[in-house]
Structures are given as C-alpha cells and as structure tokens.
file input_37.pdb (PDB, C-alpha atoms and all ligand atoms)
ATOM      1  CA  MET E 636      -2.031 -11.473 -12.058
ATOM      2  CA  LEU E 637      -2.783  -8.974 -14.778
ATOM      3  CA  ILE E 638      -1.299  -5.561 -15.552
ATOM      4  CA  ARG E 639      -4.093  -3.393 -16.943
ATOM      5  CA  ASP E 640      -5.161   0.238 -17.236
ATOM      6  CA  ALA E 641      -6.662   1.660 -14.063
ATOM      7  CA  THR E 642     -10.336   2.639 -14.179
ATOM      8  CA  PRO E 643     -12.266   4.991 -11.869
ATOM      9  CA  ARG E 644     -13.739   1.936 -10.135
ATOM     10  CA  ASP E 645     -10.207   1.070  -8.993
ATOM     11  CA  PHE E 646      -9.565   4.455  -7.389
ATOM     12  CA  PRO E 647     -10.515   3.578  -3.773
ATOM     13  CA  ALA E 648      -8.453   0.369  -3.882
ATOM     14  CA  ILE E 649      -5.537   2.231  -5.484
ATOM     15  CA  ARG E 650      -5.583   4.680  -2.591
ATOM     16  CA  ALA E 651      -5.344   1.780  -0.142
ATOM     17  CA  VAL E 652      -2.458   0.137  -2.054
ATOM     18  CA  ILE E 653      -0.432   3.355  -2.178
ATOM     19  CA  ARG E 654      -1.047   4.130   1.492
ATOM     20  CA  HIS E 655       0.090   0.685   2.536
ATOM     21  CA  ALA E 656       3.143   0.659   0.287
ATOM     22  CA  PHE E 657       4.412   4.058   1.479
ATOM     23  CA  ASP E 658       2.962   3.841   4.989
ATOM     24  CA  ARG E 659       1.581   7.385   4.664
ATOM     25  CA  ALA E 660      -0.996   9.294   2.628
ATOM     26  CA  ASP E 661       1.158  11.835   0.737
ATOM     27  CA  GLU E 662       1.598   9.799  -2.452
ATOM     28  CA  ALA E 663      -2.072   8.779  -2.556
ATOM     29  CA  ASN E 664      -3.040  12.437  -2.210
ATOM     30  CA  LEU E 665      -0.626  13.350  -5.011
ATOM     31  CA  VAL E 666      -2.254  10.786  -7.326
ATOM     32  CA  GLU E 667      -5.714  12.179  -6.637
ATOM     33  CA  GLN E 668      -4.571  15.763  -7.203
ATOM     34  CA  LEU E 669      -2.913  14.798 -10.511
ATOM     35  CA  ARG E 670      -6.219  13.235 -11.624
ATOM     36  CA  ASP E 671      -8.222  16.268 -10.530
ATOM     37  CA  ASP E 672      -5.861  18.550 -12.460
ATOM     38  CA  GLY E 673      -6.103  16.417 -15.625
ATOM     39  CA  ASP E 674      -2.361  15.799 -15.588
ATOM     40  CA  VAL E 675      -2.358  11.978 -15.711
ATOM     41  CA  LEU E 676      -0.804  10.427 -18.819
ATOM     42  CA  CYS E 677      -1.473   6.819 -17.887
ATOM     43  CA  GLU E 678      -2.141   4.690 -14.860
ATOM     44  CA  PHE E 679      -1.880   0.909 -14.487
ATOM     45  CA  VAL E 680      -2.759  -1.605 -11.811
ATOM     46  CA  ALA E 681      -1.490  -5.086 -11.042
ATOM     47  CA  ALA E 682      -4.625  -7.021 -10.212
ATOM     48  CA  THR E 683      -6.350 -10.345  -9.900
ATOM     49  CA  ASP E 684     -10.103 -10.734 -10.401
ATOM     50  CA  VAL E 685     -10.705  -9.817  -6.792
ATOM     51  CA  ALA E 686      -8.005  -7.462  -5.588
ATOM     52  CA  LEU E 687      -5.312  -4.939  -6.497
ATOM     53  CA  GLN E 688      -1.720  -5.518  -5.493
ATOM     54  CA  GLY E 689       0.103  -2.737  -7.285
ATOM     55  CA  HIS E 690      -0.234   0.595  -9.063
ATOM     56  CA  ILE E 691       1.806   3.015 -11.185
ATOM     57  CA  LEU E 692       1.107   6.483 -12.512
ATOM     58  CA  TYR E 693       2.789   8.683 -15.121
ATOM     59  CA  SER E 694       2.003  12.388 -15.313
ATOM     60  CA  ARG E 695       2.667  15.090 -17.874
ATOM     61  CA  LEU E 696       6.067  16.689 -17.640
ATOM     62  CA  THR E 697       7.422  19.348 -19.947
ATOM     63  CA  ILE E 698      11.033  19.989 -20.827
ATOM     64  CA  VAL E 699      11.366  23.576 -21.948
ATOM     65  CA  ARG E 700      14.205  24.378 -24.302
ATOM     66  CA  ASP E 701      14.636  27.513 -26.436
ATOM     67  CA  GLY E 702      10.988  28.262 -25.716
ATOM     68  CA  GLU E 703       9.982  24.929 -27.296
ATOM     69  CA  PRO E 704       8.196  22.522 -24.955
ATOM     70  CA  LEU E 705       9.147  18.861 -25.237
ATOM     71  CA  GLU E 706       6.419  16.524 -23.979
ATOM     72  CA  ALA E 707       7.735  13.972 -21.505
ATOM     73  CA  ALA E 708       6.500  11.972 -18.503
ATOM     74  CA  ALA E 709       7.141  11.791 -14.776
ATOM     75  CA  LEU E 710       6.984   8.314 -13.256
ATOM     76  CA  ALA E 711       5.531   8.662  -9.741
ATOM     77  CA  PRO E 712       4.440   6.949  -7.703
ATOM     78  CA  VAL E 713       4.829   3.185  -8.115
ATOM     79  CA  SER E 714       3.623   0.967  -5.312
ATOM     80  CA  VAL E 715       3.214  -2.711  -4.555
ATOM     81  CA  LEU E 716       1.549  -3.994  -1.394
ATOM     82  CA  PRO E 717       4.294  -5.152   0.999
ATOM     83  CA  HIS E 718       3.074  -8.760   0.998
ATOM     84  CA  PHE E 719       3.383  -8.946  -2.820
ATOM     85  CA  GLN E 720       6.751  -7.224  -3.213
ATOM     86  CA  ARG E 721       9.807  -8.938  -4.739
ATOM     87  CA  ARG E 722       7.747 -11.005  -7.150
ATOM     88  CA  GLY E 723       8.360  -8.816 -10.162
ATOM     89  CA  LEU E 724       5.134  -6.795 -10.005
ATOM     90  CA  GLY E 725       6.929  -3.460  -9.686
ATOM     91  CA  GLY E 726       9.018  -4.317 -12.727
ATOM     92  CA  ASP E 727       5.975  -5.418 -14.722
ATOM     93  CA  LEU E 728       4.207  -2.149 -13.919
ATOM     94  CA  ILE E 729       7.247  -0.066 -14.907
ATOM     95  CA  ARG E 730       7.736  -1.930 -18.205
ATOM     96  CA  ALA E 731       4.034  -1.573 -19.091
ATOM     97  CA  GLY E 732       4.026   2.122 -18.211
ATOM     98  CA  ASN E 733       7.248   2.896 -20.051
ATOM     99  CA  ALA E 734       5.914   1.159 -23.166
ATOM    100  CA  ARG E 735       2.691   3.202 -23.020
ATOM    101  CA  CYS E 736       4.651   6.454 -22.662
ATOM    102  CA  ALA E 737       6.604   5.530 -25.792
ATOM    103  CA  GLU E 738       3.336   4.817 -27.642
ATOM    104  CA  LEU E 739       1.990   8.175 -26.503
ATOM    105  CA  GLY E 740       4.985   9.863 -28.093
ATOM    106  CA  CYS E 741       6.748  11.041 -24.939
ATOM    107  CA  ALA E 742      10.331  12.098 -25.555
ATOM    108  CA  ALA E 743      11.590  10.882 -22.175
ATOM    109  CA  ILE E 744      10.573   9.683 -18.717
ATOM    110  CA  ILE E 745      11.901  11.246 -15.523
ATOM    111  CA  VAL E 746      11.935   9.538 -12.137
ATOM    112  CA  LEU E 747      13.123  10.471  -8.669
ATOM    113  CA  GLY E 748      13.696   7.221  -6.848
ATOM    114  CA  HIS E 749      15.839   4.329  -5.725
ATOM    115  CA  ALA E 750      19.199   4.637  -7.492
ATOM    116  CA  GLU E 751      19.727   0.842  -7.513
ATOM    117  CA  TYR E 752      16.271  -0.055  -8.829
ATOM    118  CA  TYR E 753      15.378   2.106 -11.840
ATOM    119  CA  PRO E 754      18.588   1.477 -13.834
ATOM    120  CA  ARG E 755      17.171  -2.055 -14.387
ATOM    121  CA  PHE E 756      14.640  -0.418 -16.676
ATOM    122  CA  GLY E 757      17.085   1.800 -18.540
ATOM    123  CA  PHE E 758      16.930   4.911 -16.335
ATOM    124  CA  SER E 759      20.175   6.652 -15.443
ATOM    125  CA  ALA E 760      21.312   9.723 -13.567
ATOM    126  CA  ALA E 761      23.680  10.448 -16.459
ATOM    127  CA  ALA E 762      20.745  10.808 -18.858
ATOM    128  CA  ALA E 763      19.199  13.424 -16.537
ATOM    129  CA  GLU E 764      22.380  15.457 -16.104
ATOM    130  CA  SER E 765      21.580  17.890 -18.906
ATOM    131  CA  LEU E 766      18.302  18.855 -17.244
ATOM    132  CA  GLU E 767      17.663  21.865 -15.090
ATOM    133  CA  ALA E 768      15.290  20.574 -12.415
ATOM    134  CA  PRO E 769      14.230  20.972  -8.786
ATOM    135  CA  PHE E 770      16.164  17.730  -8.109
ATOM    136  CA  SER E 771      19.607  16.395  -8.928
ATOM    137  CA  GLY E 772      22.008  13.673  -7.828
ATOM    138  CA  PRO E 773      21.922   9.873  -8.113
ATOM    139  CA  HIS E 774      18.196   9.575  -7.402
ATOM    140  CA  PHE E 775      17.177  11.891 -10.220
ATOM    141  CA  MET E 776      17.124   9.726 -13.348
ATOM    142  CA  ALA E 777      15.855   9.808 -16.889
ATOM    143  CA  LEU E 778      15.111   7.416 -19.712
ATOM    144  CA  GLU E 779      15.280   8.731 -23.249
ATOM    145  CA  LEU E 780      12.462   7.431 -25.455
ATOM    146  CA  LYS E 781      13.319   9.530 -28.491
ATOM    147  CA  ALA E 782      16.966   9.329 -29.427
ATOM    148  CA  GLY E 783      18.869  12.476 -28.556
ATOM    149  CA  ALA E 784      15.945  14.050 -26.677
ATOM    150  CA  LEU E 785      18.043  14.724 -23.582
ATOM    151  CA  LYS E 786      21.294  15.682 -25.289
ATOM    152  CA  ALA E 787      20.656  19.400 -25.081
ATOM    153  CA  SER E 788      19.843  21.075 -21.779
ATOM    154  CA  GLY E 789      16.299  21.935 -20.849
ATOM    155  CA  ARG E 790      14.220  23.053 -17.900
ATOM    156  CA  VAL E 791      11.959  20.423 -16.341
ATOM    157  CA  ARG E 792       8.434  21.501 -15.462
ATOM    158  CA  TYR E 793       6.477  19.028 -13.337
ATOM    159  CA  ALA E 794       2.686  18.971 -13.124
ATOM    160  CA  LYS E 795       1.272  21.462 -10.621
ATOM    161  CA  ALA E 796       0.355  18.822  -8.034
ATOM    162  CA  PHE E 797       4.037  18.156  -7.304
ATOM    163  CA  GLY E 798       4.333  21.673  -5.928
ATOM    164  CA  VAL E 799       7.918  22.120  -7.154
TER
HETATM  165  C1  LIG E 801       9.659  -0.158  -5.139
HETATM  166  C2  LIG E 801       8.531  -1.195  -5.303
HETATM  167  C3  LIG E 801       7.406  -0.624  -6.142
HETATM  168  C4  LIG E 801       9.111  -2.428  -6.006
HETATM  169  O1  LIG E 801       8.068  -3.357  -6.195
HETATM  170  P1  LIG E 801       8.371  -4.918  -6.313
HETATM  171  O2  LIG E 801       7.147  -5.583  -6.854
HETATM  172  O3  LIG E 801       8.946  -5.423  -5.050
HETATM  173  O4  LIG E 801       9.505  -4.879  -7.436
HETATM  174  P2  LIG E 801      10.176  -6.085  -8.202
HETATM  175  O5  LIG E 801       9.723  -7.383  -7.637
HETATM  176  O6  LIG E 801      10.040  -5.820  -9.650
HETATM  177  O7  LIG E 801      11.691  -5.834  -7.851
HETATM  178  C5  LIG E 801      12.126  -6.102  -6.550
HETATM  179  C6  LIG E 801      13.489  -5.488  -6.392
HETATM  180  O8  LIG E 801      13.345  -4.122  -6.088
HETATM  181  C7  LIG E 801      14.290  -3.786  -5.118
HETATM  182  N1  LIG E 801      13.860  -2.659  -4.308
HETATM  183  C8  LIG E 801      12.683  -2.481  -3.686
HETATM  184  N2  LIG E 801      12.749  -1.361  -2.930
HETATM  185  C9  LIG E 801      13.993  -0.865  -3.096
HETATM  186  C10 LIG E 801      14.684   0.230  -2.543
HETATM  187  N3  LIG E 801      14.126   1.041  -1.634
HETATM  188  N4  LIG E 801      15.964   0.470  -2.948
HETATM  189  C11 LIG E 801      16.557  -0.370  -3.828
HETATM  190  N5  LIG E 801      15.971  -1.458  -4.349
HETATM  191  C12 LIG E 801      14.695  -1.695  -3.980
HETATM  192  C13 LIG E 801      14.379  -5.013  -4.264
HETATM  193  O9  LIG E 801      15.615  -5.035  -3.612
HETATM  194  C14 LIG E 801      14.255  -6.152  -5.249
HETATM  195  O10 LIG E 801      15.525  -6.518  -5.697
HETATM  196  P3  LIG E 801      15.850  -8.037  -6.098
HETATM  197  O11 LIG E 801      15.079  -8.289  -7.373
HETATM  198  O12 LIG E 801      17.325  -7.998  -6.327
HETATM  199  O13 LIG E 801      15.386  -8.849  -4.965
HETATM  200  C15 LIG E 801       7.999  -1.678  -3.933
HETATM  201  O14 LIG E 801       9.096  -2.123  -3.151
HETATM  202  C16 LIG E 801       7.245  -0.605  -3.153
HETATM  203  O15 LIG E 801       6.034  -0.428  -3.339
HETATM  204  N6  LIG E 801       7.938   0.089  -2.244
HETATM  205  C17 LIG E 801       7.298   1.091  -1.399
HETATM  206  C18 LIG E 801       6.943   2.319  -2.185
HETATM  207  C19 LIG E 801       8.146   2.871  -2.916
HETATM  208  O16 LIG E 801       9.218   3.058  -2.341
HETATM  209  N7  LIG E 801       7.946   3.182  -4.227
HETATM  210  C20 LIG E 801       8.995   3.656  -5.100
HETATM  211  C21 LIG E 801       9.316   5.064  -4.830
HETATM  212  S1  LIG E 801      10.734   5.533  -5.783
END
call {"tool": "encode", "arguments": {"input": "input_37.pdb", "output": "structure tokens"}}
result
Amino acid sequence: MLIRDATPRDFPAIRAVIRHAFDRADEANLVEQLRDDGDVLCEFVAATDVALQGHILYSRLTIVRDGEPLEAAALAPVSVLPHFQRRGLGGDLIRAGNARCAELGCAAIIVLGHAEYYPRFGFSAAAAESLEAPFSGPHFMALELKAGALKASGRVRYAKAFGV
C-alpha cells in the first residue's frame, strides 16, 4: 500500500471510494466542485498497483484578521473503503496531508469531524476556539502549523464549494 499524490487518472476511482465510504454522493460532488473551482491544495490516495482504497483532500481556507488574510487549509473529506478501514490507512493519509500542508506554508488546518479521531493527529477544538466560523463545538477542530497562528481571533472563509 502506497500513499501518493492523486492524479487525474485516479479521479473516477476516487469518486467510487468516497461514495462507498460515505454511502452517498455529497462528498464526492464536493471534491469535484473544489477541483473545478481550482481550490484544491493537495490530494492523496492510498493505493496498490491495481486499486485505490483511500483518499484525502485539503482545500484552500483563509483566516481573515485585521483585513490580513492568513492562508490555511480545510481537511475534507477523508475516506477509506469500508473493507480496508481500521488498518491505519486513514491515519497515514492524514499524516501525509498534514505534512504537505506544512510544506506548502499553511498556517493551520481546520477540520469538522469525529471528535475522538482527529485529536490523534494533533487537532483540537480548543485550538479552533478563537475562530469565527460557520461551525463550532467539539467537532470543529484546528491544528496550528505555524506557532501562534490561531492565538488571535479571525474569520474563517471556506472555499466556495462548501457553500457556507
Ligand atoms: C474516518 C475514516 C477515514 C478512518 O479511516 P481508517 O483507515 O479506518 O482509519 P485508521 O485505521 O487510521 O483509524 C481507525 C480508527 O478510527 C476510528 N474511527 C473511525 N470512524 C470513526 C468515527 N466515526 N468516530 C470516531 N472514531 C472513528 C476507529 O474507531 C478506529 O479506532 P481504533 O484505532 O481505536 O480502532 C474511515 O472510517 C471512513 O472512511 N469513514 C467514512 C467516511 C468518514 O466518516 N470520513 C471522515 C469524515 S470526518
């Protein structure tokens, strides 16, 4: 199993993975809209030579503060085919994606997701508390990549495809 960057040739298989993982099409449609809008920061797949088992996407997210935009990332969605879950693939995808976001110079990563899962990778609701966003509560979490980036308050602006 290899974690690698997604390529356009993977796109049909990625759609199938996401649809199976979420048991609906909404997240697959979101991924395609983010690509169409040019808002994808990075996208990885978990794959063997013959098939894809998992996928993750990070999109551009801006934190606006005193008129100054801070470039950050939104992690969404992450999916692993049900048959291949609980083998560490989701974690491998998240670690690879987080590392790429740091390389790209993102100040922070924001995620809306399972409150028991993402803290394993350093995300916390406490880190997101300073942010003014369409979401809040235990599922709305952040990971600071640049020290102090989330200390001051700021308004979170998601990519257009999220519709929030
Ligand atoms: C979430 C997901 C990507 C994790 O993939 P994975 O390859 O199983 O992840 P890992 O093997 O790295 O980690 C498995 C752990 O995640 C936990 N986990 C999975 N779904 C969870 C959930 N809904 N709430 C809390 N923990 C969850 C499992 O309990 C497991 O814990 P364990 O290690 O103590 O057994 C996968 O379950 C999935 O595709 N789910 C459907 C789509 C989805 O919900 N995506 C995330 C949206 S926030």
call {"tool": "resolve_selection", "arguments": {"input": "input_37.pdb", "expression": "the PyMOL selection byres (((not hetatm)) within 12 of (chain E and resi 801))", "output": "ChimeraX atom specification"}}
result
/E:652-663,680-681,688-692,709-731,745-756,774-776
call {"tool": "atom_distance", "arguments": {"input": "input_37.pdb", "atom1": "CA of Leu676 in chain E", "atom2": "CA of Thr697 in chain E"}}
result
12.2 Å
call {"tool": "resolve_selection", "arguments": {"input": "input_37.pdb", "expression": "the PyMOL selection byres (((chain E and resi 769) around 9) and not hetatm)", "output": "list in words"}}
result
Glu767, Ala768, Phe770, Ser771, Val791, Arg792 and Val799 of chain E
call {"tool": "closest_residue", "arguments": {"input": "input_37.pdb", "among": "E:Leu669, E:Ala686, E:Ala762, E:Ile638", "to": "Ala651 in chain E", "atoms": "all atoms listed in the file"}}
result
E:Ala686
call {"tool": "closest_residue", "arguments": {"input": "input_37.pdb", "among": "E:Ala784, E:Ala760, E:Ile698, E:Leu766", "to": "Ala742 in chain E", "atoms": "only C-alpha atoms"}}
result
E:Ala784
call {"tool": "closest_residue", "arguments": {"input": "input_37.pdb", "among": "E:Glu764, E:Asp671, E:Tyr793, E:Asn664", "to": "Tyr693 in chain E", "atoms": "only C-alpha atoms"}}
result
E:Tyr793
call {"tool": "axis_aligned_box", "arguments": {"input": "input_37.pdb", "around": "range 710-726 of chain E", "padding_each_side": "8 Å", "output": "AutoDock Vina command-line options"}}
result
--center_x 5.7 --center_y -1.2 --center_z -6.1 --size_x 24.3 --size_y 35.7 --size_z 30.3
call {"tool": "residues_near_point", "arguments": {"input": "input_37.pdb", "point": "(9.2, 19.6, -26.2)", "cutoff": "12 Å", "atoms": "all atoms listed in the file", "output": "number ranges by chain"}}
result
E: 695-708, 740-743, 781, 784-785, 787-792
call {"tool": "atom_distance", "arguments": {"input": "input_37.pdb", "atom1": "CA of Pro647 in chain E", "atom2": "CA of Ser694 in chain E"}}
result
19.2 Å
call {"tool": "atom_distance", "arguments": {"input": "input_37.pdb", "atom1": "CA of Ser765 in chain E", "atom2": "CA of Ile744 in chain E"}}
result
13.7 Å
call {"tool": "closest_residue", "arguments": {"input": "input_37.pdb", "among": "E:Leu637, E:Ala794, E:Leu780, E:Val666", "to": "Ala734 in chain E", "atoms": "all atoms listed in the file"}}
result
E:Leu780
call {"tool": "decode", "arguments": {"input": "input_37.pdb", "residues": "range 672-684 of chain E", "atoms": "all heavy atoms", "output": "PDB file, in the first residue's frame"}}
result
ATOM      1  N   ASP E 672     -13.204  24.478  -9.232  1.00  0.00           N
ATOM      2  CA  ASP E 672     -13.014  25.870  -8.809  1.00  0.00           C
ATOM      3  C   ASP E 672     -11.539  26.221  -8.612  1.00  0.00           C
ATOM      4  O   ASP E 672     -11.216  27.359  -8.287  1.00  0.00           O
ATOM      5  CB  ASP E 672     -13.754  26.121  -7.483  1.00  0.00           C
ATOM      6  CG  ASP E 672     -15.271  26.036  -7.641  1.00  0.00           C
ATOM      7  OD1 ASP E 672     -15.756  26.055  -8.779  1.00  0.00           O
ATOM      8  OD2 ASP E 672     -15.967  25.925  -6.604  1.00  0.00           O
ATOM      9  N   GLY E 673     -10.654  25.235  -8.732  1.00  0.00           N
ATOM     10  CA  GLY E 673      -9.220  25.488  -8.516  1.00  0.00           C
ATOM     11  C   GLY E 673      -8.875  25.719  -7.062  1.00  0.00           C
ATOM     12  O   GLY E 673      -7.911  26.421  -6.738  1.00  0.00           O
ATOM     13  N   ASP E 674      -9.652  25.147  -6.158  1.00  0.00           N
ATOM     14  CA  ASP E 674      -9.444  25.392  -4.732  1.00  0.00           C
ATOM     15  C   ASP E 674      -8.754  24.248  -3.999  1.00  0.00           C
ATOM     16  O   ASP E 674      -8.692  24.248  -2.764  1.00  0.00           O
ATOM     17  CB  ASP E 674     -10.793  25.695  -4.059  1.00  0.00           C
ATOM     18  CG  ASP E 674     -11.248  27.118  -4.341  1.00  0.00           C
ATOM     19  OD1 ASP E 674     -10.374  27.994  -4.477  1.00  0.00           O
ATOM     20  OD2 ASP E 674     -12.466  27.344  -4.456  1.00  0.00           O
ATOM     21  N   VAL E 675      -8.238  23.262  -4.722  1.00  0.00           N
ATOM     22  CA  VAL E 675      -7.573  22.124  -4.078  1.00  0.00           C
ATOM     23  C   VAL E 675      -6.123  22.493  -3.757  1.00  0.00           C
ATOM     24  O   VAL E 675      -5.397  22.983  -4.620  1.00  0.00           O
ATOM     25  CB  VAL E 675      -7.601  20.881  -4.995  1.00  0.00           C
ATOM     26  CG1 VAL E 675      -6.795  19.745  -4.378  1.00  0.00           C
ATOM     27  CG2 VAL E 675      -9.036  20.440  -5.254  1.00  0.00           C
ATOM     28  N   LEU E 676      -5.727  22.239  -2.513  1.00  0.00           N
ATOM     29  CA  LEU E 676      -4.326  22.442  -2.119  1.00  0.00           C
ATOM     30  C   LEU E 676      -3.524  21.176  -2.384  1.00  0.00           C
ATOM     31  O   LEU E 676      -2.430  21.212  -2.926  1.00  0.00           O
ATOM     32  CB  LEU E 676      -4.250  22.742  -0.628  1.00  0.00           C
ATOM     33  CG  LEU E 676      -4.348  24.178  -0.187  1.00  0.00           C
ATOM     34  CD1 LEU E 676      -4.391  24.241   1.327  1.00  0.00           C
ATOM     35  CD2 LEU E 676      -3.155  24.970  -0.709  1.00  0.00           C
ATOM     36  N   CYS E 677      -4.042  20.046  -1.949  1.00  0.00           N
ATOM     37  CA  CYS E 677      -3.395  18.774  -2.220  1.00  0.00           C
ATOM     38  C   CYS E 677      -4.394  17.641  -2.019  1.00  0.00           C
ATOM     39  O   CYS E 677      -5.412  17.803  -1.334  1.00  0.00           O
ATOM     40  CB  CYS E 677      -2.149  18.566  -1.362  1.00  0.00           C
ATOM     41  SG  CYS E 677      -2.428  18.566   0.405  1.00  0.00           S
ATOM     42  N   GLU E 678      -4.064  16.531  -2.652  1.00  0.00           N
ATOM     43  CA  GLU E 678      -4.985  15.398  -2.682  1.00  0.00           C
ATOM     44  C   GLU E 678      -4.132  14.130  -2.742  1.00  0.00           C
ATOM     45  O   GLU E 678      -3.237  14.024  -3.574  1.00  0.00           O
ATOM     46  CB  GLU E 678      -5.793  15.533  -3.976  1.00  0.00           C
ATOM     47  CG  GLU E 678      -7.170  15.026  -3.928  1.00  0.00           C
ATOM     48  CD  GLU E 678      -7.915  15.289  -5.236  1.00  0.00           C
ATOM     49  OE1 GLU E 678      -7.656  16.305  -5.915  1.00  0.00           O
ATOM     50  OE2 GLU E 678      -8.746  14.462  -5.578  1.00  0.00           O
ATOM     51  N   PHE E 679      -4.386  13.196  -1.837  1.00  0.00           N
ATOM     52  CA  PHE E 679      -3.600  11.959  -1.808  1.00  0.00           C
ATOM     53  C   PHE E 679      -4.520  10.749  -1.914  1.00  0.00           C
ATOM     54  O   PHE E 679      -5.688  10.813  -1.524  1.00  0.00           O
ATOM     55  CB  PHE E 679      -2.840  11.839  -0.481  1.00  0.00           C
ATOM     56  CG  PHE E 679      -1.716  12.827  -0.326  1.00  0.00           C
ATOM     57  CD1 PHE E 679      -1.934  14.072   0.228  1.00  0.00           C
ATOM     58  CD2 PHE E 679      -0.440  12.493  -0.732  1.00  0.00           C
ATOM     59  CE1 PHE E 679      -0.900  14.980   0.372  1.00  0.00           C
ATOM     60  CE2 PHE E 679       0.606  13.392  -0.586  1.00  0.00           C
ATOM     61  CZ  PHE E 679       0.382  14.637  -0.040  1.00  0.00           C
ATOM     62  N   VAL E 680      -3.953   9.660  -2.406  1.00  0.00           N
ATOM     63  CA  VAL E 680      -4.678   8.388  -2.394  1.00  0.00           C
ATOM     64  C   VAL E 680      -3.841   7.345  -1.671  1.00  0.00           C
ATOM     65  O   VAL E 680      -2.611   7.423  -1.626  1.00  0.00           O
ATOM     66  CB  VAL E 680      -5.000   7.882  -3.825  1.00  0.00           C
ATOM     67  CG1 VAL E 680      -6.025   8.790  -4.485  1.00  0.00           C
ATOM     68  CG2 VAL E 680      -3.749   7.761  -4.676  1.00  0.00           C
ATOM     69  N   ALA E 681      -4.548   6.363  -1.104  1.00  0.00           N
ATOM     70  CA  ALA E 681      -3.908   5.146  -0.599  1.00  0.00           C
ATOM     71  C   ALA E 681      -4.194   4.102  -1.664  1.00  0.00           C
ATOM     72  O   ALA E 681      -5.361   3.843  -1.977  1.00  0.00           O
ATOM     73  CB  ALA E 681      -4.516   4.738   0.737  1.00  0.00           C
ATOM     74  N   ALA E 682      -3.131   3.520  -2.230  1.00  0.00           N
ATOM     75  CA  ALA E 682      -3.345   2.681  -3.404  1.00  0.00           C
ATOM     76  C   ALA E 682      -2.359   1.531  -3.482  1.00  0.00           C
ATOM     77  O   ALA E 682      -1.243   1.617  -2.965  1.00  0.00           O
ATOM     78  CB  ALA E 682      -3.200   3.535  -4.666  1.00  0.00           C
ATOM     79  N   THR E 683      -2.793   0.467  -4.121  1.00  0.00           N
ATOM     80  CA  THR E 683      -1.866  -0.575  -4.558  1.00  0.00           C
ATOM     81  C   THR E 683      -1.666  -0.344  -6.058  1.00  0.00           C
ATOM     82  O   THR E 683      -2.185   0.626  -6.617  1.00  0.00           O
ATOM     83  CB  THR E 683      -2.460  -1.980  -4.349  1.00  0.00           C
ATOM     84  OG1 THR E 683      -3.638  -2.072  -5.159  1.00  0.00           O
ATOM     85  CG2 THR E 683      -2.819  -2.232  -2.898  1.00  0.00           C
ATOM     86  N   ASP E 684      -0.967  -1.259  -6.714  1.00  0.00           N
ATOM     87  CA  ASP E 684      -0.769  -1.137  -8.160  1.00  0.00           C
ATOM     88  C   ASP E 684      -2.089  -1.192  -8.911  1.00  0.00           C
ATOM     89  O   ASP E 684      -2.225  -0.645  -9.994  1.00  0.00           O
ATOM     90  CB  ASP E 684       0.113  -2.291  -8.677  1.00  0.00           C
ATOM     91  CG  ASP E 684       1.554  -2.085  -8.275  1.00  0.00           C
ATOM     92  OD1 ASP E 684       1.877  -0.974  -7.822  1.00  0.00           O
ATOM     93  OD2 ASP E 684       2.341  -3.045  -8.401  1.00  0.00           O
TER      94      ASP E 684
END
